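See below for the structure under consideration.
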2 protein chains.
Amino acid sequence: MMSRIGVLLSGCGVNDGSEIHEAVLAMLALDEAGAERLCIAPDKAQRDVVNHLTGQPAGESRNVLVEAARIARGQIRDLATVTAAEIDGIILPGGFGAAKNLCDFALAGADTAVDPGVEKLLLELQAAGKPIGAICIAPALLARVFGSLGARVTIGNDAGVARVLESFGARHVECPVDEIVVDERLKLVTTPAYMLGPGLKEIRAGIDKLVRRIVALAG
Amino acid sequence: MMSRIGVLLSGCGVNDGSEIHEAVLAMLALDEAGAERLCIAPDKAQRDVVNHLTGQPAGESRNVLVEAARIARGQIRDLATVTAAEIDGIILPGGFGAAKNLCDFALAGADTAVDPGVEKLLLELQAAGKPIGAICIAPALLARVFGSLGARVTIGNDAGVARVLESFGARHVECPVDEIVVDERLKLVTTPAYMLGPGLKEIRAGIDKLVRRIVALAG
C-alpha cells in the first residue's frame, strides 16, 4: 500500500514561511518515491511578513495556511483537523516560517516554545512509531520537542545554533548538504539543505535521501 | 563558458502568479545542466490576488516583482533593467500570472495584449538568435508575440485554447506532459506541464527536456 506522508508547511517564502525550493523538492521526492502527500499548515497569522525583494518587514498580515496553500496548489489541510492516524510519517521543510510560525526558535532561541498543535501531532506520530523528517532549520523544532529523549539531529555545521539545540538535550551531528542524519531509535531524519546551500542541485541530494528514508521507515 | 538563462517570473502562486512547482523545477534543471540563472520579473501590481485556499479573490494588492522574489529567494532583477545582451536565453514558467501579469490572455483571449517590457525583451532575444522556453499556459504569450512569424508551440491538448493560439497565427502542436515541442527556426521550446498534470514527477520530465534544449540552443 502507498504510504501517505504529511508535508507540514509554515507559509510561502524563505523569510517568513516555508522555504519554497525545499518544500517543492520534498514533494517531488515523495512523488518519485511513490508516496502520497498530505500538505498541512496551521490556520493562524504569520509571525511577520517580509518583503523578499528588500528583506525588510512589509507591515502586512498574512495567514500561514492561506499562504502555504500557494505551494500546495490549494490541496492542503488545516493542522487542527489532522490526526496522526491519517498519515504514515511527516516532513517539515525549512525556511524561517518553521522557526517563526511552527515554533518561535528564530526569536526565542533557548526559550523556544512550539505551536501546541504542531507539538501534539509530532508527539502522537512519535508514539505511533511513525517517522519524522526535518529540513534546514526545522530540526531545531524537533530538538525542542524530542531533546528530552536525546534526539540526534543536524542543522549542518553552525556551532552557535548547534549549541542551542544541545541546550534542549538534543545531540547535534555535523552533516554535509548532500547527506542525512538518522536517529534510528526515534525515527527522526534531518538534512541541512539551505543551512549550507549552495544551490538546488546540492540540497536536492540531501532532501531526496531524507524522503526515501522517511518512506522506508513509514513502510 | 557557462550559459546564463533568464527565468521570467510573474508572481508567486498558480492562481495569480508563477506556478511554483514549474518555476522551481525549471531552476533545478538549470542548476543540474550547469547553467546560471537570472530570475526576472516586472515591477508592477498583480492583476489580482487570489486566496489559494479558497480560490476566491482576496481583495488585496501585491507587486509582481516583490512576490516573485519569494521563489527567487531575493535574487531577482526588475525586468525594466534587463537587456537581451545579459542573458543567453529565457524561460517562462506557467501559472495564471503568465496569463494575467505578463500578458492578459486569461482575460482577453483573442484580444490579448502583452506587457510592453516582456514583449521588448522577447523580441530582442529572438532577433539575437537566443532561445525562448515557455511552460504550461505561458506558450500562449509566445503565440501572441511570434504568431505572425508562424510560431509552433504547445499547451498540451486543450482544443479551445489551441484555437485561440492559432487565431494569433501560431501553429499548435499536441504534446504529452513528458515531452516538448521545438520550433527550430524561431528557437522556441514549449511543454504542457500542469496544463496536463498529473503530478510533479510527470511535469519534471517535460520541464527537464525543455531546459536541456534551451541550454543546448543557447550554447
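The way I read the labels, and the way they are meant: chains A, B, ... in the order of the C-alpha cells, residue 1 as the first residue of every chain, and ligand 1 as the first ligand shown, with later ones counted on from there.
Here the DSSP assignment of strand (DSSP E or B), based on backbone atoms, applies within stretch 57-138 of chain A to A:Pro57, A:Asn63, A:Arg77, A:Asp78, A:Gly89, A:Ile90, A:Ile91, A:Leu92, A:Cys103, A:Val114, A:Ile132, A:Gly133, A:Ala134, A:Ile135.
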Can you write out the residues you just picked, keeping N, CA, C and O atoms, as a compact mmCIF listing (two decimals), in the first residue's frame?
# COMPACT_ATOMS: atom_id res chain seq x y z
N PRO A 57 10.70 44.23 6.78
CA PRO A 57 9.31 43.93 7.17
C PRO A 57 8.33 44.65 6.23
O PRO A 57 8.58 45.78 5.80
N ASN A 63 -1.95 34.92 6.55
CA ASN A 63 -2.29 33.69 7.27
C ASN A 63 -1.42 32.52 6.80
O ASN A 63 -1.22 32.34 5.60
N ARG A 77 -4.54 20.87 4.17
CA ARG A 77 -5.48 20.72 5.29
C ARG A 77 -5.02 21.56 6.47
O ARG A 77 -3.82 21.70 6.74
N ASP A 78 -6.00 22.08 7.19
CA ASP A 78 -5.75 22.78 8.44
C ASP A 78 -5.18 21.78 9.46
O ASP A 78 -5.79 20.73 9.72
N GLY A 89 3.80 9.27 8.29
CA GLY A 89 5.02 9.99 8.64
C GLY A 89 4.81 11.44 8.25
O GLY A 89 3.78 11.80 7.67
N ILE A 90 5.80 12.29 8.56
CA ILE A 90 5.65 13.72 8.23
C ILE A 90 7.02 14.32 7.95
O ILE A 90 8.04 13.81 8.46
N ILE A 91 7.03 15.35 7.12
CA ILE A 91 8.27 16.06 6.79
C ILE A 91 8.04 17.56 6.99
O ILE A 91 7.04 18.10 6.53
N LEU A 92 8.99 18.21 7.65
CA LEU A 92 8.94 19.66 7.86
C LEU A 92 10.02 20.33 7.01
O LEU A 92 11.21 20.23 7.34
N CYS A 103 7.23 27.22 15.48
CA CYS A 103 7.75 27.45 16.83
C CYS A 103 8.35 28.85 16.78
O CYS A 103 8.28 29.52 15.75
N VAL A 114 6.94 25.70 21.19
CA VAL A 114 6.43 25.09 19.95
C VAL A 114 4.92 25.29 19.89
O VAL A 114 4.22 25.19 20.90
N ILE A 132 9.62 11.02 11.33
CA ILE A 132 9.51 12.48 11.21
C ILE A 132 10.80 13.00 10.56
O ILE A 132 11.89 12.74 11.05
N GLY A 133 10.64 13.74 9.47
CA GLY A 133 11.79 14.34 8.79
C GLY A 133 11.77 15.84 8.95
O GLY A 133 10.71 16.45 9.02
N ALA A 134 12.95 16.45 9.00
CA ALA A 134 13.02 17.92 9.10
C ALA A 134 14.23 18.42 8.32
O ALA A 134 15.30 17.81 8.35
N ILE A 135 14.03 19.53 7.64
CA ILE A 135 14.98 20.07 6.66
C ILE A 135 15.45 21.45 7.13
O ILE A 135 14.66 22.23 7.64
### Query
Which residues of chain B are close to chain A, meaning at most 10 Å apart when you count only C-alpha atoms, and how do they look as JSON, numbers by chain?
{"B": [12, 13, 14, 15, 16, 17, 18, 19, 20, 21, 22, 23, 24, 25, 27, 28, 29, 30, 31, 32, 33, 34, 50, 51, 52, 53, 54, 55, 65, 66, 67, 68, 69, 70, 71, 72, 73, 74, 75, 76, 77, 199, 200, 201, 202, 204]}
### Query
Which parts of stretch 10-219 of chain A does DSSP call helix (DSSP H, G or I) when run on the backbone here, written out as a PyMOL selection string?
chain A and resi 20-32+64-71+79-81+84-86+96-100+105-111+116-127+139-149+159-167+193-195+200-218
### Task
Skip A:Thr154 itself and residues of its chain fewer than 3 positions away, then list as a list of chain:residue names all residues within 9 Å of it, counting only C-alpha atoms.
A:Ile135, A:Cys136, A:Ile137, A:Pro139, A:Ala140, A:Asn157, A:Ala162, A:Arg171, A:His172, A:Val173, A:Glu174, A:Cys175, A:Ile180, A:Val181, A:Val189, A:Thr190, A:Thr191, A:Pro192
#### Entry: Surrounding residues of B:Ala143 excluding itself and chain neighbours under 4 positions, 9 Å, only C-alpha atoms, as a list in words
Ala138, Pro139, Gly147, Ser148, Gly150, Ala151, Arg152, Val153, Leu165, Glu166, Phe168, Gly169, Ala170, Arg171 and His172 of chain B
### Query
Counting only C-alpha atoms, what is within 7 Å of B:Asp178, bar same-chain residues fewer than 5 positions away, as a ChimeraX atom specification?
/B:202-203,205-206
### Message
List as number ranges by chain the protein and nucleic acid residues near A:Glu60, meaning an atom at most 12 Å away when only C-alpha atoms are counted, but skip any in the same chain fewer than 5 places from it.
### Response
A: 16, 45-51; B: 60-62
#### Entry: 12 Å contact set for B:Ala108, only C-alpha atoms, chain neighbours under 2 positions out, as an NGL selection string
:B and (99-100 or 103-106 or 110-114 or 140-141 or 144 or 164)
Could the residues in this selection be saved with N, CA and C atoms as a PDB file, in the first residue's frame?
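Output below, filename selection03.pdb:
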ATOM      1  N   ALA B  99      -0.474  34.627 -17.638  1.00  0.00           N
ATOM      2  CA  ALA B  99      -1.619  34.999 -18.473  1.00  0.00           C
ATOM      3  C   ALA B  99      -2.449  36.135 -17.875  1.00  0.00           C
ATOM      4  N   LYS B 100      -1.951  36.685 -16.749  1.00  0.00           N
ATOM      5  CA  LYS B 100      -2.638  37.840 -16.137  1.00  0.00           C
ATOM      6  C   LYS B 100      -1.690  39.022 -15.975  1.00  0.00           C
ATOM      7  N   CYS B 103       0.966  38.984 -19.662  1.00  0.00           N
ATOM      8  CA  CYS B 103       0.038  39.389 -20.728  1.00  0.00           C
ATOM      9  C   CYS B 103      -1.353  39.232 -20.131  1.00  0.00           C
ATOM     10  N   ASP B 104      -2.407  39.489 -20.905  1.00  0.00           N
ATOM     11  CA  ASP B 104      -3.755  39.389 -20.325  1.00  0.00           C
ATOM     12  C   ASP B 104      -4.584  38.298 -20.998  1.00  0.00           C
ATOM     13  N   PHE B 105      -3.885  37.245 -21.449  1.00  0.00           N
ATOM     14  CA  PHE B 105      -4.548  36.151 -22.152  1.00  0.00           C
ATOM     15  C   PHE B 105      -5.713  35.556 -21.362  1.00  0.00           C
ATOM     16  N   ALA B 106      -5.566  35.438 -20.041  1.00  0.00           N
ATOM     17  CA  ALA B 106      -6.602  34.802 -19.213  1.00  0.00           C
ATOM     18  C   ALA B 106      -7.900  35.594 -19.245  1.00  0.00           C
ATOM     19  N   ALA B 110      -8.559  36.190 -27.439  1.00  0.00           N
ATOM     20  CA  ALA B 110      -8.144  36.556 -28.802  1.00  0.00           C
ATOM     21  C   ALA B 110      -7.630  37.990 -28.901  1.00  0.00           C
ATOM     22  N   ASP B 111      -7.991  38.828 -27.921  1.00  0.00           N
ATOM     23  CA  ASP B 111      -7.556  40.232 -27.932  1.00  0.00           C
ATOM     24  C   ASP B 111      -6.362  40.474 -27.006  1.00  0.00           C
ATOM     25  N   THR B 112      -5.622  39.441 -26.708  1.00  0.00           N
ATOM     26  CA  THR B 112      -4.511  39.520 -25.749  1.00  0.00           C
ATOM     27  C   THR B 112      -3.511  40.625 -26.079  1.00  0.00           C
ATOM     28  N   ALA B 113      -3.170  41.403 -25.054  1.00  0.00           N
ATOM     29  CA  ALA B 113      -2.062  42.355 -25.151  1.00  0.00           C
ATOM     30  C   ALA B 113      -0.942  41.884 -24.232  1.00  0.00           C
ATOM     31  N   VAL B 114       0.293  42.037 -24.689  1.00  0.00           N
ATOM     32  CA  VAL B 114       1.457  41.594 -23.922  1.00  0.00           C
ATOM     33  C   VAL B 114       2.084  42.793 -23.220  1.00  0.00           C
ATOM     34  N   ALA B 140       1.048  30.578 -24.627  1.00  0.00           N
ATOM     35  CA  ALA B 140       0.046  31.478 -25.219  1.00  0.00           C
ATOM     36  C   ALA B 140       0.653  32.857 -25.455  1.00  0.00           C
ATOM     37  N   LEU B 141       1.506  33.283 -24.536  1.00  0.00           N
ATOM     38  CA  LEU B 141       2.193  34.571 -24.687  1.00  0.00           C
ATOM     39  C   LEU B 141       3.141  34.524 -25.894  1.00  0.00           C
ATOM     40  N   ARG B 144       1.225  34.820 -29.050  1.00  0.00           N
ATOM     41  CA  ARG B 144       0.794  36.200 -29.322  1.00  0.00           C
ATOM     42  C   ARG B 144       1.952  37.014 -29.922  1.00  0.00           C
ATOM     43  N   VAL B 164      -7.473  29.574 -29.976  1.00  0.00           N
ATOM     44  CA  VAL B 164      -7.127  30.990 -29.762  1.00  0.00           C
ATOM     45  C   VAL B 164      -5.680  31.231 -30.181  1.00  0.00           C
TER      46      VAL B 164
END
